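The structure file model.csv is reproduced below (CSV, C-alpha atoms).
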```
chain,number,residue,atom,x,y,z
A,1,MET,CA,96.1,80.9,112.1
A,2,LEU,CA,98.6,78.6,113.7
A,3,GLY,CA,101.1,76.7,111.7
A,4,GLY,CA,101.2,78.8,108.6
A,5,GLY,CA,97.5,78.3,107.9
A,6,ASN,CA,96.4,77.7,104.3
A,7,LEU,CA,99.6,79.2,102.9
A,8,GLY,CA,101.7,76.5,104.6
A,9,ARG,CA,99.4,73.7,103.3
A,10,ASN,CA,99.4,75.2,99.8
A,11,VAL,CA,103.2,75.4,99.7
A,12,LEU,CA,103.5,71.9,101.0
A,13,ASN,CA,101.1,70.7,98.3
A,14,LEU,CA,103.3,72.4,95.7
A,15,VAL,CA,106.5,71.0,97.1
A,16,GLU,CA,105.0,67.5,96.9
A,17,GLN,CA,104.0,68.1,93.3
A,18,TRP,CA,107.4,69.6,92.3
A,19,VAL,CA,109.6,67.2,90.3
A,20,PRO,CA,113.2,68.3,90.0
A,21,SER,CA,114.3,68.6,86.4
A,22,GLN,CA,117.3,66.3,87.0
A,23,VAL,CA,119.6,64.9,89.7
A,24,HIS,CA,121.8,68.0,90.5
A,25,ASP,CA,125.3,67.9,91.8
A,26,HIS,CA,124.8,70.8,94.3
A,27,GLU,CA,122.0,71.6,96.7
A,28,ASN,CA,121.8,75.3,95.5
A,29,LYS,CA,120.6,74.1,92.1
A,30,TYR,CA,117.6,72.4,93.7
A,31,GLN,CA,117.1,75.5,95.8
A,32,SER,CA,117.0,77.8,92.7
A,33,GLU,CA,114.7,75.4,90.8
A,34,LEU,CA,112.3,75.1,93.7
A,35,LYS,CA,112.3,78.8,94.3
A,36,ALA,CA,111.4,79.5,90.6
A,37,TYR,CA,108.7,76.8,90.7
A,38,LEU,CA,107.0,78.1,93.8
A,39,ASP,CA,107.3,81.7,92.6
A,40,ASP,CA,105.6,80.8,89.4
A,41,ALA,CA,102.9,78.6,91.0
A,42,LEU,CA,102.0,81.0,93.8
A,43,ASN,CA,102.0,84.1,91.7
A,44,GLU,CA,100.6,82.8,88.4
A,45,GLN,CA,97.5,84.7,87.2
A,46,ALA,CA,94.2,82.8,87.8
A,47,GLY,CA,93.7,79.8,85.6
A,48,GLY,CA,97.3,79.8,84.4
A,49,MET,CA,98.9,76.6,85.9
A,50,GLY,CA,95.7,74.8,86.9
A,51,PHE,CA,96.6,74.5,90.6
A,52,ASP,CA,93.4,74.0,92.5
A,53,ILE,CA,94.6,74.3,96.0
A,54,GLY,CA,92.6,77.2,97.3
A,55,MET,CA,94.8,80.0,96.1
A,56,SER,CA,93.7,83.0,94.0
A,57,GLY,CA,95.9,83.9,91.1
A,58,GLY,CA,98.3,86.8,91.1
A,59,GLY,CA,99.0,86.3,94.8
A,60,GLY,CA,101.9,88.7,95.2
A,61,HIS,CA,103.7,86.1,97.4
A,62,VAL,CA,107.4,86.8,98.2
A,63,VAL,CA,109.5,83.7,97.5
A,64,SER,CA,113.1,84.2,98.5
A,65,THR,CA,116.2,82.2,99.0
A,66,GLU,CA,118.6,81.9,102.0
A,67,HIS,CA,120.0,85.2,103.2
A,68,GLY,CA,121.7,84.1,106.4
A,69,THR,CA,122.3,81.2,108.8
A,70,SER,CA,118.8,81.1,110.4
A,71,TYR,CA,116.9,81.4,107.2
A,72,GLY,CA,115.4,78.5,105.2
A,73,ASP,CA,116.8,77.6,101.8
A,74,VAL,CA,113.5,78.9,100.3
A,75,VAL,CA,111.1,81.1,102.3
A,76,VAL,CA,107.5,82.1,101.3
A,77,ASP,CA,106.1,85.3,102.8
A,78,GLY,CA,108.4,85.0,105.8
A,79,THR,CA,106.2,82.4,107.4
A,80,VAL,CA,107.0,79.1,105.5
A,81,GLY,CA,110.6,77.9,105.7
A,82,ILE,CA,111.9,75.1,103.5
A,83,GLU,CA,115.1,73.3,104.1
A,84,LEU,CA,116.5,71.2,101.2
A,85,LYS,CA,119.0,68.4,101.6
A,86,ARG,CA,120.8,66.8,98.7
A,87,ASN,CA,121.3,63.0,99.2
A,88,PHE,CA,120.4,63.1,102.9
A,89,SER,CA,122.9,61.1,104.8
A,90,ASN,CA,123.6,60.2,108.5
A,91,SER,CA,126.3,62.9,108.6
A,92,GLN,CA,123.6,65.6,107.8
A,93,LYS,CA,121.2,64.4,110.5
A,94,LYS,CA,122.6,66.5,113.3
A,95,LYS,CA,122.9,69.6,111.2
A,96,LEU,CA,119.3,69.3,109.9
A,97,ARG,CA,118.0,68.7,113.4
A,98,GLY,CA,119.6,72.0,114.5
A,99,GLN,CA,118.3,73.9,111.5
A,100,LEU,CA,114.8,72.7,112.1
A,101,GLU,CA,115.0,73.7,115.7
A,102,ASP,CA,116.2,77.2,114.6
A,103,TYR,CA,113.5,77.5,111.9
A,104,ALA,CA,110.8,76.7,114.6
A,105,ASP,CA,111.7,80.1,116.1
A,106,ASN,CA,111.4,81.9,112.8
A,107,TYR,CA,108.6,80.2,110.8
A,108,GLU,CA,105.1,79.0,111.5
A,109,PHE,CA,105.4,76.2,109.0
A,110,VAL,CA,108.6,74.3,108.2
A,111,ILE,CA,109.2,71.8,105.3
A,112,ALA,CA,112.2,69.5,105.2
A,113,CYS,CA,112.7,68.2,101.7
A,114,ALA,CA,115.3,65.5,100.8
A,115,CYS,CA,116.3,65.5,97.2
A,116,GLY,CA,117.7,62.0,97.2
A,117,ILE,CA,118.1,60.0,100.4
A,118,GLU,CA,120.9,57.7,101.7
A,119,ASP,CA,119.8,57.4,105.4
A,120,MET,CA,116.1,56.6,105.6
A,121,ASP,CA,116.5,55.6,109.3
A,122,GLY,CA,117.9,59.0,110.2
A,123,TRP,CA,115.2,60.8,108.2
A,124,ARG,CA,112.5,58.8,110.0
A,125,GLU,CA,114.1,59.6,113.4
A,126,LEU,CA,113.9,63.3,112.7
A,127,GLU,CA,110.3,62.9,111.5
A,128,ASN,CA,109.4,61.3,114.8
A,129,LYS,CA,111.2,63.9,116.9
A,130,PHE,CA,109.4,66.8,115.2
A,131,ARG,CA,106.1,65.0,115.2
A,132,ASN,CA,106.3,64.7,119.0
A,133,ARG,CA,107.5,68.3,119.3
A,134,GLN,CA,104.2,69.5,117.7
A,135,GLN,CA,102.4,68.6,121.0
A,136,ASP,CA,104.3,71.6,122.5
A,137,PHE,CA,101.7,74.4,122.7
A,138,MET,CA,104.3,77.0,123.4
A,139,ASN,CA,105.7,76.6,119.9
A,140,PRO,CA,102.9,75.8,117.4
A,141,THR,CA,105.2,75.4,114.4
A,142,GLN,CA,104.1,72.7,112.0
A,143,PHE,CA,106.6,70.4,110.3
A,144,ALA,CA,106.3,68.4,107.2
A,145,PHE,CA,108.9,66.0,105.6
A,146,VAL,CA,109.0,65.3,101.8
A,147,ILE,CA,111.3,63.0,99.9
A,148,LYS,CA,112.2,63.4,96.3
A,149,HIS,CA,113.8,60.1,95.0
A,150,ASN,CA,116.5,60.5,92.4
A,151,GLU,CA,114.8,57.9,90.2
A,152,GLY,CA,111.8,60.2,89.7
A,153,MET,CA,113.8,63.4,88.9
A,154,GLY,CA,113.5,64.7,85.3
A,155,SER,CA,110.4,62.7,84.6
A,156,GLU,CA,107.0,64.2,83.7
A,157,ASN,CA,105.4,62.1,86.4
A,158,THR,CA,104.1,64.5,89.0
A,159,SER,CA,102.3,62.0,91.2
A,160,ARG,CA,102.9,62.1,94.9
A,161,ASP,CA,106.0,60.7,96.3
A,162,ASP,CA,106.0,57.5,98.4
A,163,GLY,CA,105.0,59.2,101.6
A,164,GLY,CA,107.5,61.8,102.2
A,165,LEU,CA,105.1,63.0,104.8
A,166,PHE,CA,105.1,60.8,107.8
A,167,GLY,CA,101.8,59.1,108.2
A,168,GLY,CA,100.4,60.9,105.2
A,169,GLY,CA,99.9,64.2,106.9
A,170,LEU,CA,101.2,67.1,108.8
A,171,PHE,CA,102.6,67.0,112.3
```
As structure tokens, please, write out the structure in this file.
Amino acid sequence: MLGGGNLGRNVLNLVEQWVPSQVHDHENKYQSELKAYLDDALNEQAGGMGFDIGMSGGGGHVVSTEHGTSYGDVVVDGTVGIELKRNFSNSQKKKLRGQLEDYADNYEFVIACACGIEDMDGWRELENKFRNRQQDFMNPTQFAFVIKHNEGMGSENTSRDDGGLFGGGLF
């Protein structure tokens, strides 16, 4: 199935539900925390965590962290790549654009997740660019963008963020 299929949508749902335990001072701390969260959620025995997103328990999913320059910060089963940015700023925009372009060659489903954001305009610019790219039938990679605001970190509130997905859906 194109675009990472159900796995991509399931991982996206989990990333949206994930609430970082605190505002971290390094991106790799968010990376470790998200990896552990996804590993537990995707591989939990049936009925364990209460996720009703179309997954059977005990899934045997491989959740790994970055192993090189063209790998996502967190990767699920080699098909879903997640790039995390801490306090996304204008200076990170060009680098993230290049990373997402590279990930499109390696993953069927790509999630960009900002843990804190300083440049909303730059973030939206990238969302628009990659939304338009999805009309390219030669590269069917699906992209999703999620924002985790610093104000919500460390809270028990697991409600959805303010629309980290452009237009409320995938593109």
Excluding Val23 in chain A and any residue of its chain fewer than 5 positions from it, enumerate the residues within 10 Å of it, using only C-alpha atoms, and give them as a short mmCIF file (atom, residue, chain, number, x, y, z; two decimals) with C-alpha atoms, keeping the file's coordinate frame.
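The resulting part-v1.cif:
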```cif
data_model
loop_
_atom_site.label_atom_id
_atom_site.label_comp_id
_atom_site.auth_asym_id
_atom_site.auth_seq_id
_atom_site.Cartn_x
_atom_site.Cartn_y
_atom_site.Cartn_z
CA LYS A 29 120.60 74.10 92.10
CA TYR A 30 117.60 72.40 93.70
CA ARG A 86 120.80 66.80 98.70
CA ASN A 87 121.30 63.00 99.20
CA CYS A 115 116.30 65.50 97.20
CA GLY A 116 117.70 62.00 97.20
CA HIS A 149 113.80 60.10 95.00
CA ASN A 150 116.50 60.50 92.40
CA GLU A 151 114.80 57.90 90.20
CA GLY A 152 111.80 60.20 89.70
CA MET A 153 113.80 63.40 88.90
CA GLY A 154 113.50 64.70 85.30
#
```
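Shortest separation to Leu100 in chain A among A:Leu7, A:Ile147, A:Leu84, A:Val15 occurs at residue A:Leu84, atoms counted being all atoms listed in the file.
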Provide the CA of His61 in chain A to CA of Glu127 in chain A distance in Å, to one decimal place.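 Going from CA of His61 in chain A over to CA of Glu127 in chain A, I get 27.9 Å.
Between CA of Glu16 in chain A and CA of Val146 in chain A there is a distance of 6.7 Å.
Here CA of Phe88 in chain A stands at a distance of 4.6 Å from CA of Ile117 in chain A.
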Taking all atoms listed in the file into account, name the residue in A:Lys93, A:Arg124, A:Lys35, A:Arg131 that is nearest to Gly81 in chain A.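 Comparing A:Lys93, A:Arg124, A:Lys35, A:Arg131 against Gly81 in chain A, the winner is A:Lys35.
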From A:Ala41, A:Ala144, A:Val76, A:Val19, residue lying nearest Ala112 in chain A [all atoms listed in the file]: A:Ala144
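The nearest approach to Trp123 in chain A among the residues A:Thr79, A:Gln142, A:Asn13, A:Ser89, with only C-alpha atoms taken into account, belongs to A:Ser89.
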Nearest candidate to Ser21 in chain A (options A:Glu44, A:Asp77, A:Asp39, A:Glu33; using only C-alpha atoms): A:Glu33
Residue neighbourhood Ile111 in chain A, 6 Å, all atoms listed in the file, exclusion window fewer than 6 positions, as a ChimeraX atom specification: /A:82,143-145
So, with all atoms listed in the file as the atoms that count, which of A:Leu126, A:Gly78, A:Glu66, A:Asn6 lies closest to Lys95 in chain A? A:Leu126
Which polymer residues have any atom within 8 Å of an atom of Tyr103 in chain A, counting all atoms listed in the file, with same-chain residues fewer than 2 positions away left out, as a short mmCIF file (atom, residue, chain, number, x, y, z; two decimals) with C-alpha atoms, in the coordinates of the input?
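For reference, part.cif as written:
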```
data_model
loop_
_atom_site.label_atom_id
_atom_site.label_comp_id
_atom_site.auth_asym_id
_atom_site.auth_seq_id
_atom_site.Cartn_x
_atom_site.Cartn_y
_atom_site.Cartn_z
CA SER A 70 118.80 81.10 110.40
CA TYR A 71 116.90 81.40 107.20
CA GLY A 72 115.40 78.50 105.20
CA GLY A 81 110.60 77.90 105.70
CA GLN A 99 118.30 73.90 111.50
CA LEU A 100 114.80 72.70 112.10
CA GLU A 101 115.00 73.70 115.70
CA ASP A 105 111.70 80.10 116.10
CA ASN A 106 111.40 81.90 112.80
CA TYR A 107 108.60 80.20 110.80
CA VAL A 110 108.60 74.30 108.20
#
```
